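Coordinates from my_file37.cif are shown below (mmCIF, N, CA and C atoms).
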data_data
#
loop_
_atom_site.label_atom_id
_atom_site.label_comp_id
_atom_site.auth_asym_id
_atom_site.auth_seq_id
_atom_site.Cartn_x
_atom_site.Cartn_y
_atom_site.Cartn_z
N ALA A 1004 -48.88 13.27 -17.95
CA ALA A 1004 -48.36 12.03 -18.52
C ALA A 1004 -49.33 11.49 -19.56
N ASN A 1005 -48.78 10.84 -20.58
CA ASN A 1005 -49.55 10.19 -21.63
C ASN A 1005 -50.59 11.13 -22.26
N THR A 1006 -50.17 12.36 -22.56
CA THR A 1006 -51.07 13.36 -23.14
C THR A 1006 -50.45 13.90 -24.43
N THR A 1007 -51.28 14.08 -25.45
CA THR A 1007 -50.81 14.65 -26.71
C THR A 1007 -51.01 16.17 -26.69
N TYR A 1008 -49.95 16.89 -27.07
CA TYR A 1008 -49.99 18.35 -27.16
C TYR A 1008 -49.74 18.75 -28.60
N TYR A 1009 -50.46 19.81 -29.07
CA TYR A 1009 -50.31 20.32 -30.42
C TYR A 1009 -49.75 21.74 -30.34
N TYR A 1010 -48.93 22.10 -31.32
CA TYR A 1010 -48.31 23.42 -31.28
C TYR A 1010 -48.07 23.95 -32.69
N ILE A 1011 -47.95 25.28 -32.73
CA ILE A 1011 -47.55 26.01 -33.94
C ILE A 1011 -46.48 27.00 -33.50
N VAL A 1012 -45.44 27.15 -34.30
CA VAL A 1012 -44.35 28.05 -33.96
C VAL A 1012 -44.41 29.26 -34.90
N GLU A 1013 -44.26 30.45 -34.31
CA GLU A 1013 -44.23 31.67 -35.12
C GLU A 1013 -42.92 32.40 -34.81
N SER A 1014 -42.30 32.93 -35.87
CA SER A 1014 -41.07 33.72 -35.72
C SER A 1014 -41.21 35.02 -36.50
N LYS A 1015 -40.56 36.10 -35.99
CA LYS A 1015 -40.56 37.40 -36.67
C LYS A 1015 -39.13 37.88 -36.80
N ASP A 1016 -38.83 38.48 -37.95
CA ASP A 1016 -37.50 39.07 -38.14
C ASP A 1016 -37.54 40.52 -37.67
N PRO A 1017 -36.40 41.24 -37.68
CA PRO A 1017 -36.36 42.63 -37.20
C PRO A 1017 -37.28 43.58 -37.99
N ALA A 1018 -37.60 43.23 -39.22
CA ALA A 1018 -38.47 44.09 -40.04
C ALA A 1018 -39.94 43.82 -39.80
N GLY A 1019 -40.25 42.86 -38.94
CA GLY A 1019 -41.64 42.55 -38.63
C GLY A 1019 -42.26 41.49 -39.51
N ASN A 1020 -41.48 40.91 -40.42
CA ASN A 1020 -42.00 39.82 -41.25
C ASN A 1020 -42.11 38.56 -40.38
N SER A 1021 -43.19 37.85 -40.54
CA SER A 1021 -43.38 36.65 -39.70
C SER A 1021 -43.58 35.42 -40.55
N GLY A 1022 -43.31 34.33 -39.94
CA GLY A 1022 -43.54 33.04 -40.56
C GLY A 1022 -44.16 32.11 -39.52
N ILE A 1023 -45.07 31.30 -39.98
CA ILE A 1023 -45.76 30.37 -39.07
C ILE A 1023 -45.54 28.95 -39.58
N SER A 1024 -45.20 28.09 -38.67
CA SER A 1024 -44.94 26.69 -39.04
C SER A 1024 -46.24 25.92 -39.21
N ALA A 1025 -46.10 24.75 -39.77
CA ALA A 1025 -47.22 23.82 -39.78
C ALA A 1025 -47.41 23.30 -38.35
N GLN A 1026 -48.57 22.78 -38.10
CA GLN A 1026 -48.85 22.25 -36.76
C GLN A 1026 -48.01 21.00 -36.50
N GLY A 1027 -47.46 20.93 -35.30
CA GLY A 1027 -46.73 19.75 -34.86
C GLY A 1027 -47.39 19.20 -33.62
N SER A 1028 -46.93 18.05 -33.17
CA SER A 1028 -47.48 17.47 -31.95
C SER A 1028 -46.45 16.57 -31.28
N PHE A 1029 -46.67 16.31 -30.01
CA PHE A 1029 -45.87 15.34 -29.26
C PHE A 1029 -46.75 14.77 -28.15
N THR A 1030 -46.39 13.59 -27.70
CA THR A 1030 -47.11 12.94 -26.61
C THR A 1030 -46.14 12.71 -25.46
N THR A 1031 -46.53 13.13 -24.27
CA THR A 1031 -45.69 12.92 -23.10
C THR A 1031 -45.68 11.43 -22.74
N LEU A 1032 -44.63 11.02 -22.07
CA LEU A 1032 -44.47 9.62 -21.71
C LEU A 1032 -45.46 9.19 -20.64
N VAL A 1033 -45.73 7.90 -20.64
CA VAL A 1033 -46.56 7.32 -19.58
C VAL A 1033 -45.73 7.31 -18.31
N LEU A 1034 -46.29 7.80 -17.23
CA LEU A 1034 -45.58 7.85 -15.96
C LEU A 1034 -45.57 6.46 -15.32
N ASP A 1035 -44.38 5.92 -15.10
CA ASP A 1035 -44.22 4.60 -14.50
C ASP A 1035 -44.15 4.75 -12.98
N THR A 1036 -45.16 4.24 -12.30
CA THR A 1036 -45.19 4.31 -10.84
C THR A 1036 -45.26 2.93 -10.20
N THR A 1037 -45.02 1.90 -11.00
CA THR A 1037 -45.13 0.52 -10.52
C THR A 1037 -43.76 -0.12 -10.45
N GLY A 1038 -43.49 -0.78 -9.35
CA GLY A 1038 -42.23 -1.51 -9.19
C GLY A 1038 -42.18 -2.70 -10.11
N PRO A 1039 -40.97 -3.21 -10.37
CA PRO A 1039 -40.82 -4.38 -11.22
C PRO A 1039 -41.44 -5.61 -10.57
N VAL A 1040 -41.97 -6.50 -11.39
CA VAL A 1040 -42.51 -7.76 -10.89
C VAL A 1040 -41.36 -8.75 -10.81
N ILE A 1041 -41.11 -9.27 -9.61
CA ILE A 1041 -40.03 -10.23 -9.37
C ILE A 1041 -40.61 -11.63 -9.46
N SER A 1042 -39.92 -12.51 -10.19
CA SER A 1042 -40.37 -13.90 -10.30
C SER A 1042 -39.18 -14.83 -10.46
N THR A 1043 -39.45 -16.11 -10.38
CA THR A 1043 -38.48 -17.19 -10.62
C THR A 1043 -37.20 -17.02 -9.79
N ILE A 1044 -37.36 -16.84 -8.50
CA ILE A 1044 -36.20 -16.72 -7.61
C ILE A 1044 -35.66 -18.12 -7.31
N THR A 1045 -34.36 -18.31 -7.56
CA THR A 1045 -33.76 -19.61 -7.27
C THR A 1045 -32.39 -19.44 -6.63
N SER A 1046 -32.03 -20.43 -5.83
CA SER A 1046 -30.67 -20.52 -5.30
C SER A 1046 -30.05 -21.75 -5.92
N SER A 1047 -28.81 -21.63 -6.39
CA SER A 1047 -28.13 -22.74 -7.05
C SER A 1047 -26.64 -22.64 -6.78
N GLU A 1048 -25.90 -23.57 -7.32
CA GLU A 1048 -24.44 -23.60 -7.16
C GLU A 1048 -24.05 -23.42 -5.68
N ILE A 1049 -24.82 -24.07 -4.82
CA ILE A 1049 -24.58 -23.97 -3.38
C ILE A 1049 -23.35 -24.80 -3.01
N SER A 1050 -22.44 -24.17 -2.28
CA SER A 1050 -21.22 -24.84 -1.82
C SER A 1050 -21.10 -24.64 -0.30
N GLN A 1051 -19.94 -24.95 0.24
CA GLN A 1051 -19.73 -24.73 1.68
C GLN A 1051 -19.69 -23.25 2.02
N THR A 1052 -19.24 -22.42 1.07
CA THR A 1052 -19.03 -21.01 1.39
C THR A 1052 -19.73 -20.04 0.44
N GLY A 1053 -20.59 -20.54 -0.43
CA GLY A 1053 -21.23 -19.63 -1.38
C GLY A 1053 -22.50 -20.18 -2.00
N ALA A 1054 -23.20 -19.32 -2.71
CA ALA A 1054 -24.41 -19.70 -3.44
C ALA A 1054 -24.69 -18.63 -4.50
N LYS A 1055 -25.36 -19.05 -5.53
CA LYS A 1055 -25.76 -18.15 -6.61
C LYS A 1055 -27.27 -17.95 -6.51
N ILE A 1056 -27.71 -16.70 -6.51
CA ILE A 1056 -29.13 -16.37 -6.44
C ILE A 1056 -29.52 -15.71 -7.76
N THR A 1057 -30.59 -16.21 -8.36
CA THR A 1057 -31.06 -15.65 -9.63
C THR A 1057 -32.55 -15.33 -9.53
N TRP A 1058 -32.99 -14.35 -10.31
CA TRP A 1058 -34.41 -14.03 -10.42
C TRP A 1058 -34.63 -13.22 -11.68
N THR A 1059 -35.89 -13.05 -12.03
CA THR A 1059 -36.22 -12.25 -13.21
C THR A 1059 -37.18 -11.13 -12.79
N THR A 1060 -37.16 -10.06 -13.60
CA THR A 1060 -38.12 -8.98 -13.44
C THR A 1060 -38.75 -8.70 -14.80
N ASP A 1061 -39.93 -8.10 -14.77
CA ASP A 1061 -40.65 -7.83 -16.02
C ASP A 1061 -40.18 -6.56 -16.73
N GLU A 1062 -39.23 -5.86 -16.12
CA GLU A 1062 -38.64 -4.67 -16.73
C GLU A 1062 -37.20 -4.55 -16.23
N ASN A 1063 -36.40 -3.76 -16.90
CA ASN A 1063 -35.03 -3.57 -16.46
C ASN A 1063 -35.00 -2.94 -15.07
N ALA A 1064 -34.15 -3.51 -14.21
CA ALA A 1064 -34.05 -3.04 -12.83
C ALA A 1064 -32.70 -3.46 -12.28
N ASP A 1065 -32.30 -2.85 -11.16
CA ASP A 1065 -31.05 -3.25 -10.52
C ASP A 1065 -31.25 -4.51 -9.68
N SER A 1066 -30.20 -4.96 -9.02
CA SER A 1066 -30.24 -6.23 -8.29
C SER A 1066 -29.65 -6.05 -6.90
N LYS A 1067 -30.36 -6.55 -5.89
CA LYS A 1067 -29.83 -6.50 -4.53
C LYS A 1067 -30.35 -7.69 -3.74
N ILE A 1068 -29.46 -8.31 -2.97
CA ILE A 1068 -29.85 -9.41 -2.09
C ILE A 1068 -29.53 -9.00 -0.66
N TYR A 1069 -30.50 -9.19 0.23
CA TYR A 1069 -30.30 -9.06 1.67
C TYR A 1069 -30.26 -10.49 2.21
N TYR A 1070 -29.23 -10.84 2.96
CA TYR A 1070 -29.15 -12.21 3.47
C TYR A 1070 -28.63 -12.25 4.90
N SER A 1071 -29.06 -13.30 5.62
CA SER A 1071 -28.76 -13.40 7.04
C SER A 1071 -28.98 -14.82 7.52
N THR A 1072 -28.40 -15.15 8.65
CA THR A 1072 -28.68 -16.44 9.30
C THR A 1072 -29.83 -16.28 10.29
N ILE A 1073 -30.34 -15.07 10.41
CA ILE A 1073 -31.45 -14.79 11.33
C ILE A 1073 -32.76 -14.76 10.54
N ASN A 1074 -33.76 -15.45 11.08
CA ASN A 1074 -35.08 -15.53 10.46
C ASN A 1074 -36.07 -14.77 11.33
N PRO A 1075 -36.79 -13.79 10.79
CA PRO A 1075 -36.78 -13.32 9.41
C PRO A 1075 -35.61 -12.36 9.15
N VAL A 1076 -35.32 -12.16 7.88
CA VAL A 1076 -34.25 -11.25 7.47
C VAL A 1076 -34.66 -9.83 7.85
N ASP A 1077 -33.78 -9.13 8.55
CA ASP A 1077 -33.99 -7.72 8.90
C ASP A 1077 -33.22 -6.89 7.88
N LEU A 1078 -33.94 -6.17 7.03
CA LEU A 1078 -33.29 -5.41 5.96
C LEU A 1078 -32.36 -4.32 6.49
N ASN A 1079 -32.52 -3.93 7.73
CA ASN A 1079 -31.66 -2.90 8.32
C ASN A 1079 -30.31 -3.43 8.78
N THR A 1080 -30.23 -4.74 9.06
CA THR A 1080 -28.99 -5.30 9.60
C THR A 1080 -28.40 -6.43 8.75
N ALA A 1081 -29.13 -6.90 7.76
CA ALA A 1081 -28.68 -8.02 6.95
C ALA A 1081 -27.46 -7.64 6.10
N LEU A 1082 -26.67 -8.64 5.75
CA LEU A 1082 -25.60 -8.44 4.78
C LEU A 1082 -26.24 -8.24 3.42
N THR A 1083 -25.53 -7.56 2.51
CA THR A 1083 -26.07 -7.32 1.18
C THR A 1083 -25.00 -7.51 0.11
N THR A 1084 -25.47 -7.81 -1.07
CA THR A 1084 -24.64 -7.74 -2.27
C THR A 1084 -25.55 -7.18 -3.36
N SER A 1085 -24.96 -6.42 -4.30
CA SER A 1085 -25.82 -5.76 -5.28
C SER A 1085 -25.09 -5.45 -6.57
N SER A 1086 -25.89 -5.11 -7.57
CA SER A 1086 -25.38 -4.64 -8.86
C SER A 1086 -26.30 -3.52 -9.33
N ALA A 1087 -25.72 -2.40 -9.76
CA ALA A 1087 -26.51 -1.26 -10.23
C ALA A 1087 -26.92 -1.40 -11.69
N THR A 1088 -26.44 -2.41 -12.39
CA THR A 1088 -26.77 -2.60 -13.79
C THR A 1088 -28.25 -2.96 -13.93
N LEU A 1089 -28.95 -2.25 -14.81
CA LEU A 1089 -30.38 -2.51 -15.02
C LEU A 1089 -30.56 -3.65 -16.02
N VAL A 1090 -31.13 -4.77 -15.53
CA VAL A 1090 -31.33 -5.97 -16.33
C VAL A 1090 -32.67 -6.61 -15.96
N GLN A 1091 -33.09 -7.59 -16.76
CA GLN A 1091 -34.29 -8.36 -16.43
C GLN A 1091 -33.93 -9.74 -15.87
N ASN A 1092 -32.76 -10.25 -16.22
CA ASN A 1092 -32.28 -11.53 -15.70
C ASN A 1092 -31.17 -11.25 -14.70
N HIS A 1093 -31.48 -11.44 -13.43
CA HIS A 1093 -30.59 -11.06 -12.33
C HIS A 1093 -29.83 -12.28 -11.83
N SER A 1094 -28.56 -12.09 -11.50
CA SER A 1094 -27.73 -13.17 -10.98
C SER A 1094 -26.62 -12.57 -10.12
N LEU A 1095 -26.63 -12.93 -8.83
CA LEU A 1095 -25.60 -12.47 -7.92
C LEU A 1095 -25.08 -13.66 -7.13
N THR A 1096 -23.80 -13.63 -6.80
CA THR A 1096 -23.18 -14.70 -6.04
C THR A 1096 -22.86 -14.23 -4.63
N LEU A 1097 -23.27 -15.04 -3.67
CA LEU A 1097 -22.93 -14.80 -2.27
C LEU A 1097 -21.68 -15.59 -1.96
N SER A 1098 -20.74 -14.99 -1.26
CA SER A 1098 -19.50 -15.69 -0.91
C SER A 1098 -19.16 -15.39 0.55
N GLY A 1099 -18.19 -16.14 1.08
CA GLY A 1099 -17.77 -15.95 2.47
C GLY A 1099 -18.77 -16.49 3.47
N LEU A 1100 -19.62 -17.42 3.03
CA LEU A 1100 -20.64 -17.99 3.91
C LEU A 1100 -20.03 -19.08 4.79
N THR A 1101 -20.74 -19.46 5.83
CA THR A 1101 -20.31 -20.51 6.76
C THR A 1101 -20.90 -21.84 6.32
N ALA A 1102 -20.08 -22.89 6.35
CA ALA A 1102 -20.53 -24.23 5.94
C ALA A 1102 -21.65 -24.73 6.85
N ASN A 1103 -22.53 -25.56 6.25
CA ASN A 1103 -23.59 -26.25 6.99
C ASN A 1103 -24.47 -25.27 7.78
N THR A 1104 -24.84 -24.16 7.13
CA THR A 1104 -25.60 -23.12 7.80
C THR A 1104 -26.80 -22.73 6.94
N MET A 1105 -27.96 -22.53 7.60
CA MET A 1105 -29.16 -22.06 6.92
C MET A 1105 -29.05 -20.54 6.74
N TYR A 1106 -29.24 -20.09 5.50
CA TYR A 1106 -29.26 -18.66 5.18
C TYR A 1106 -30.65 -18.30 4.66
N TYR A 1107 -31.12 -17.15 5.07
CA TYR A 1107 -32.40 -16.60 4.64
C TYR A 1107 -32.09 -15.37 3.80
N TYR A 1108 -32.90 -15.14 2.77
CA TYR A 1108 -32.63 -14.00 1.90
C TYR A 1108 -33.90 -13.46 1.26
N VAL A 1109 -33.84 -12.20 0.89
CA VAL A 1109 -34.86 -11.56 0.05
C VAL A 1109 -34.11 -10.81 -1.04
N VAL A 1110 -34.74 -10.70 -2.19
CA VAL A 1110 -34.15 -9.93 -3.28
C VAL A 1110 -34.97 -8.67 -3.48
N LYS A 1111 -34.30 -7.65 -3.97
CA LYS A 1111 -34.94 -6.36 -4.22
C LYS A 1111 -34.47 -5.83 -5.56
N SER A 1112 -35.40 -5.27 -6.32
CA SER A 1112 -35.04 -4.64 -7.59
C SER A 1112 -35.72 -3.29 -7.69
N VAL A 1113 -34.97 -2.31 -8.22
CA VAL A 1113 -35.46 -0.95 -8.40
C VAL A 1113 -35.32 -0.61 -9.88
N ASP A 1114 -36.42 -0.15 -10.51
CA ASP A 1114 -36.37 0.19 -11.93
C ASP A 1114 -35.78 1.58 -12.14
N GLY A 1115 -35.67 1.99 -13.38
CA GLY A 1115 -35.06 3.27 -13.72
C GLY A 1115 -35.84 4.49 -13.25
N ASN A 1116 -37.08 4.30 -12.80
CA ASN A 1116 -37.90 5.39 -12.28
C ASN A 1116 -37.98 5.37 -10.75
N SER A 1117 -37.08 4.61 -10.13
CA SER A 1117 -36.98 4.49 -8.66
C SER A 1117 -38.14 3.76 -8.01
N ASN A 1118 -38.87 2.97 -8.79
CA ASN A 1118 -39.92 2.12 -8.22
C ASN A 1118 -39.28 0.81 -7.78
N SER A 1119 -39.57 0.36 -6.56
CA SER A 1119 -38.90 -0.83 -6.05
C SER A 1119 -39.88 -1.92 -5.65
N THR A 1120 -39.37 -3.15 -5.66
CA THR A 1120 -40.12 -4.31 -5.20
C THR A 1120 -39.16 -5.20 -4.43
N THR A 1121 -39.63 -5.71 -3.30
CA THR A 1121 -38.86 -6.65 -2.49
C THR A 1121 -39.62 -7.97 -2.46
N SER A 1122 -38.91 -9.07 -2.65
CA SER A 1122 -39.53 -10.39 -2.71
C SER A 1122 -39.91 -10.89 -1.32
N THR A 1123 -40.61 -12.00 -1.31
CA THR A 1123 -40.82 -12.72 -0.06
C THR A 1123 -39.51 -13.43 0.28
N GLN A 1124 -39.40 -13.89 1.50
CA GLN A 1124 -38.17 -14.52 1.97
C GLN A 1124 -38.03 -15.95 1.44
N ALA A 1125 -36.80 -16.33 1.15
CA ALA A 1125 -36.47 -17.70 0.74
C ALA A 1125 -35.25 -18.13 1.56
N SER A 1126 -34.83 -19.38 1.38
CA SER A 1126 -33.68 -19.86 2.16
C SER A 1126 -32.94 -20.98 1.43
N PHE A 1127 -31.73 -21.24 1.89
CA PHE A 1127 -30.93 -22.37 1.42
C PHE A 1127 -29.97 -22.72 2.55
N THR A 1128 -29.39 -23.93 2.48
CA THR A 1128 -28.39 -24.35 3.46
C THR A 1128 -27.10 -24.65 2.73
N THR A 1129 -26.00 -24.07 3.23
CA THR A 1129 -24.69 -24.34 2.63
C THR A 1129 -24.30 -25.79 2.92
N LEU A 1130 -23.41 -26.31 2.10
CA LEU A 1130 -22.96 -27.70 2.24
C LEU A 1130 -22.08 -27.87 3.46
N PRO A 1131 -22.08 -29.08 4.05
CA PRO A 1131 -21.21 -29.32 5.23
C PRO A 1131 -19.74 -29.37 4.85
#
Can you give me the file's structure in the form of structure tokens?
Amino acid sequence: ANTTYYYIVESKDPAGNSGISAQGSFTTLVLDTTGPVISTITSSEISQTGAKITWTTDENADSKIYYSTINPVDLNTALTTSSATLVQNHSLTLSGLTANTMYYYVVKSVDGNSNSTTSTQASFTTLP
């Protein structure tokens, strides 16, 4: 990763005549092994049965929310909603929630190189 390589190409025809190119070069890509940085997580548009969760990442990544009425959120059993679209400004809506109930959630984003980050837990209460 992140290395410059130099090359020369040579070709020969059936009669043995050869030609050599000028030197060329290319640099391999930097290997991304770091998950996206998640920030500015907010819950808004809270109603009796829904809420909008937004957050940002420092690179394009997908969007997933794990949510539950159980504290702490168990990622293996929590309800989820997600979007596979790679973006930096994430926004997902939770629906079908119960009125006057505390919900706990974490957000997760995975970048195009399969590096993932999961946020700390946050919460909101639906309206009565």
Expected selection from the PyMOL selection byres (((chain A and resi 1059 and name CA) around 9) and name CA), given as an mmCIF file with N, CA and C atoms, keeping the file's coordinate frame:
data_model
loop_
_atom_site.group_PDB
_atom_site.id
_atom_site.type_symbol
_atom_site.label_atom_id
_atom_site.label_comp_id
_atom_site.auth_asym_id
_atom_site.auth_seq_id
_atom_site.Cartn_x
_atom_site.Cartn_y
_atom_site.Cartn_z
ATOM 1 N N VAL A 1040 -41.970 -6.500 -11.390
ATOM 2 C CA VAL A 1040 -42.510 -7.760 -10.890
ATOM 3 C C VAL A 1040 -41.360 -8.750 -10.810
ATOM 4 N N ILE A 1041 -41.110 -9.270 -9.610
ATOM 5 C CA ILE A 1041 -40.030 -10.230 -9.370
ATOM 6 C C ILE A 1041 -40.610 -11.630 -9.460
ATOM 7 N N SER A 1042 -39.920 -12.510 -10.190
ATOM 8 C CA SER A 1042 -40.370 -13.900 -10.300
ATOM 9 C C SER A 1042 -39.180 -14.830 -10.460
ATOM 10 N N THR A 1043 -39.450 -16.110 -10.380
ATOM 11 C CA THR A 1043 -38.480 -17.190 -10.620
ATOM 12 C C THR A 1043 -37.200 -17.020 -9.790
ATOM 13 N N ILE A 1044 -37.360 -16.840 -8.500
ATOM 14 C CA ILE A 1044 -36.200 -16.720 -7.610
ATOM 15 C C ILE A 1044 -35.660 -18.120 -7.310
ATOM 16 N N THR A 1057 -30.590 -16.210 -8.360
ATOM 17 C CA THR A 1057 -31.060 -15.650 -9.630
ATOM 18 C C THR A 1057 -32.550 -15.330 -9.530
ATOM 19 N N TRP A 1058 -32.990 -14.350 -10.310
ATOM 20 C CA TRP A 1058 -34.410 -14.030 -10.420
ATOM 21 C C TRP A 1058 -34.630 -13.220 -11.680
ATOM 22 N N THR A 1060 -37.160 -10.060 -13.600
ATOM 23 C CA THR A 1060 -38.120 -8.980 -13.440
ATOM 24 C C THR A 1060 -38.750 -8.700 -14.800
ATOM 25 N N ASP A 1061 -39.930 -8.100 -14.770
ATOM 26 C CA ASP A 1061 -40.650 -7.830 -16.020
ATOM 27 C C ASP A 1061 -40.180 -6.560 -16.730
ATOM 28 N N GLU A 1062 -39.230 -5.860 -16.120
ATOM 29 C CA GLU A 1062 -38.640 -4.670 -16.730
ATOM 30 C C GLU A 1062 -37.200 -4.550 -16.230
ATOM 31 N N VAL A 1090 -31.130 -4.770 -15.530
ATOM 32 C CA VAL A 1090 -31.330 -5.970 -16.330
ATOM 33 C C VAL A 1090 -32.670 -6.610 -15.960
ATOM 34 N N GLN A 1091 -33.090 -7.590 -16.760
ATOM 35 C CA GLN A 1091 -34.290 -8.360 -16.430
ATOM 36 C C GLN A 1091 -33.930 -9.740 -15.870
ATOM 37 N N ASN A 1092 -32.760 -10.250 -16.220
ATOM 38 C CA ASN A 1092 -32.280 -11.530 -15.700
ATOM 39 C C ASN A 1092 -31.170 -11.250 -14.700
ATOM 40 N N HIS A 1093 -31.480 -11.440 -13.430
ATOM 41 C CA HIS A 1093 -30.590 -11.060 -12.330
ATOM 42 C C HIS A 1093 -29.830 -12.280 -11.830
ATOM 43 N N SER A 1094 -28.560 -12.090 -11.500
ATOM 44 C CA SER A 1094 -27.730 -13.170 -10.980
ATOM 45 C C SER A 1094 -26.620 -12.570 -10.120
#
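Going from atom C of Val1076 in chain A over to atom C of Thr1129 in chain A, you cover 19.7 Å.
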CA of Asn1116 in chain A to CA of Thr1080 in chain A, distance in Å rounded to a single decimal: 25.9 Å
Exercise: residues within 6 Å of coordinate (-46.6, 29.9, -37.2), counting all atoms listed in the file, as a VMD selection string: chain A and resid 1011 to 1014 1022 to 1025
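Put simply, the PyMOL selection byres ((chain A and resi 1088) around 7) on this file hits Asn1063, Ala1064, Asp1065, Ser1066, Ser1085, Ser1086, Ala1087, Leu1089 and Val1090 of chain A.
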Matched chain/residue IDs from the PyMOL selection byres (((chain A and resi 1008 and name CA) around 6) and name CA), as a PyMOL selection string: chain A and resi 1007+1009+1028-1029
Close residues, Gly1038 in chain A itself excluded, 6.5 Å, all atoms listed in the file, min 6 positions apart in chain, as a PyMOL selection string: chain A and resi 1114+1118-1120
Secondary structure check, strand (DSSP E or B) residues of range 1048-1092 of chain A, as a PyMOL selection string: chain A and resi 1053-1071+1082-1092
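Take the candidates A:Ile1073, A:Ala1004, A:Ala1018, A:Ala1054 and check each one against Val1033 in chain A using only C-alpha atoms; the shortest distance goes to A:Ala1004.
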All residues 6 Å or closer to Ser1126 in chain A, only N, CA and C atoms, same chain fewer than 5 positions away omitted, as an NGL selection string: :A and (1106-1108)
List the spatial neighbours of Tyr1069 in chain A as an mmCIF file with N, CA and C atoms, in the frame of the given file - criterion: any atom at most 7 Å away, only N, CA and C atoms, same-chain residues fewer than 2 positions off excluded.
data_model
loop_
_atom_site.group_PDB
_atom_site.id
_atom_site.type_symbol
_atom_site.label_atom_id
_atom_site.label_comp_id
_atom_site.auth_asym_id
_atom_site.auth_seq_id
_atom_site.Cartn_x
_atom_site.Cartn_y
_atom_site.Cartn_z
ATOM 1 N N LYS A 1067 -30.360 -6.550 -5.890
ATOM 2 C CA LYS A 1067 -29.830 -6.500 -4.530
ATOM 3 C C LYS A 1067 -30.350 -7.690 -3.740
ATOM 4 N N SER A 1071 -29.060 -13.300 5.620
ATOM 5 C CA SER A 1071 -28.760 -13.400 7.040
ATOM 6 C C SER A 1071 -28.980 -14.820 7.520
ATOM 7 N N VAL A 1076 -35.320 -12.160 7.880
ATOM 8 C CA VAL A 1076 -34.250 -11.250 7.470
ATOM 9 C C VAL A 1076 -34.660 -9.830 7.850
ATOM 10 N N LEU A 1078 -33.940 -6.170 7.030
ATOM 11 C CA LEU A 1078 -33.290 -5.410 5.960
ATOM 12 C C LEU A 1078 -32.360 -4.320 6.490
ATOM 13 N N ALA A 1081 -29.130 -6.900 7.760
ATOM 14 C CA ALA A 1081 -28.680 -8.020 6.950
ATOM 15 C C ALA A 1081 -27.460 -7.640 6.100
ATOM 16 N N LEU A 1082 -26.670 -8.640 5.750
ATOM 17 C CA LEU A 1082 -25.600 -8.440 4.780
ATOM 18 C C LEU A 1082 -26.240 -8.240 3.420
ATOM 19 N N THR A 1083 -25.530 -7.560 2.510
ATOM 20 C CA THR A 1083 -26.070 -7.320 1.180
ATOM 21 C C THR A 1083 -25.000 -7.510 0.110
ATOM 22 N N THR A 1084 -25.470 -7.810 -1.070
ATOM 23 C CA THR A 1084 -24.640 -7.740 -2.270
ATOM 24 C C THR A 1084 -25.550 -7.180 -3.360
ATOM 25 N N TYR A 1107 -31.120 -17.150 5.070
ATOM 26 C CA TYR A 1107 -32.400 -16.600 4.640
ATOM 27 C C TYR A 1107 -32.090 -15.370 3.800
ATOM 28 N N TYR A 1108 -32.900 -15.140 2.770
ATOM 29 C CA TYR A 1108 -32.630 -14.000 1.900
ATOM 30 C C TYR A 1108 -33.900 -13.460 1.260
ATOM 31 N N VAL A 1109 -33.840 -12.200 0.890
ATOM 32 C CA VAL A 1109 -34.860 -11.560 0.050
ATOM 33 C C VAL A 1109 -34.110 -10.810 -1.040
ATOM 34 N N VAL A 1110 -34.740 -10.700 -2.190
ATOM 35 C CA VAL A 1110 -34.150 -9.930 -3.280
ATOM 36 C C VAL A 1110 -34.970 -8.670 -3.480
ATOM 37 N N LYS A 1111 -34.300 -7.650 -3.970
ATOM 38 C CA LYS A 1111 -34.940 -6.360 -4.220
ATOM 39 C C LYS A 1111 -34.470 -5.830 -5.560
#
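Here CA of Tyr1070 in chain A and CA of Asp1035 in chain A stand 28.9 Å from one another.
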Copy range 1052-1058 of chain A out of the block into a file, keeping N, CA, C and O atoms, as a PDB file, in the first residue's frame.
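part-v8.pdb was written with the following content:
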ATOM      1  N   THR A1052     -45.042   7.590  18.220  1.00  0.00           N
ATOM      2  CA  THR A1052     -44.698   6.308  17.609  1.00  0.00           C
ATOM      3  C   THR A1052     -43.431   6.333  16.754  1.00  0.00           C
ATOM      4  O   THR A1052     -43.146   5.372  16.040  1.00  0.00           O
ATOM      5  N   GLY A1053     -42.678   7.421  16.805  1.00  0.00           N
ATOM      6  CA  GLY A1053     -41.493   7.478  15.954  1.00  0.00           C
ATOM      7  C   GLY A1053     -40.474   8.504  16.400  1.00  0.00           C
ATOM      8  O   GLY A1053     -40.727   9.320  17.285  1.00  0.00           O
ATOM      9  N   ALA A1054     -39.309   8.454  15.776  1.00  0.00           N
ATOM     10  CA  ALA A1054     -38.236   9.417  16.025  1.00  0.00           C
ATOM     11  C   ALA A1054     -37.266   9.374  14.847  1.00  0.00           C
ATOM     12  O   ALA A1054     -37.139   8.355  14.167  1.00  0.00           O
ATOM     13  N   LYS A1055     -36.602  10.477  14.644  1.00  0.00           N
ATOM     14  CA  LYS A1055     -35.590  10.578  13.596  1.00  0.00           C
ATOM     15  C   LYS A1055     -34.220  10.630  14.278  1.00  0.00           C
ATOM     16  O   LYS A1055     -34.015  11.416  15.200  1.00  0.00           O
ATOM     17  N   ILE A1056     -33.305   9.780  13.827  1.00  0.00           N
ATOM     18  CA  ILE A1056     -31.956   9.737  14.372  1.00  0.00           C
ATOM     19  C   ILE A1056     -30.995  10.177  13.274  1.00  0.00           C
ATOM     20  O   ILE A1056     -31.052   9.672  12.147  1.00  0.00           O
ATOM     21  N   THR A1057     -30.126  11.127  13.606  1.00  0.00           N
ATOM     22  CA  THR A1057     -29.149  11.623  12.632  1.00  0.00           C
ATOM     23  C   THR A1057     -27.750  11.580  13.245  1.00  0.00           C
ATOM     24  O   THR A1057     -27.590  11.668  14.463  1.00  0.00           O
ATOM     25  N   TRP A1058     -26.749  11.441  12.387  1.00  0.00           N
ATOM     26  CA  TRP A1058     -25.355  11.522  12.808  1.00  0.00           C
ATOM     27  C   TRP A1058     -24.494  11.787  11.589  1.00  0.00           C
ATOM     28  O   TRP A1058     -24.959  11.724  10.465  1.00  0.00           O
TER      29      TRP A1058
END
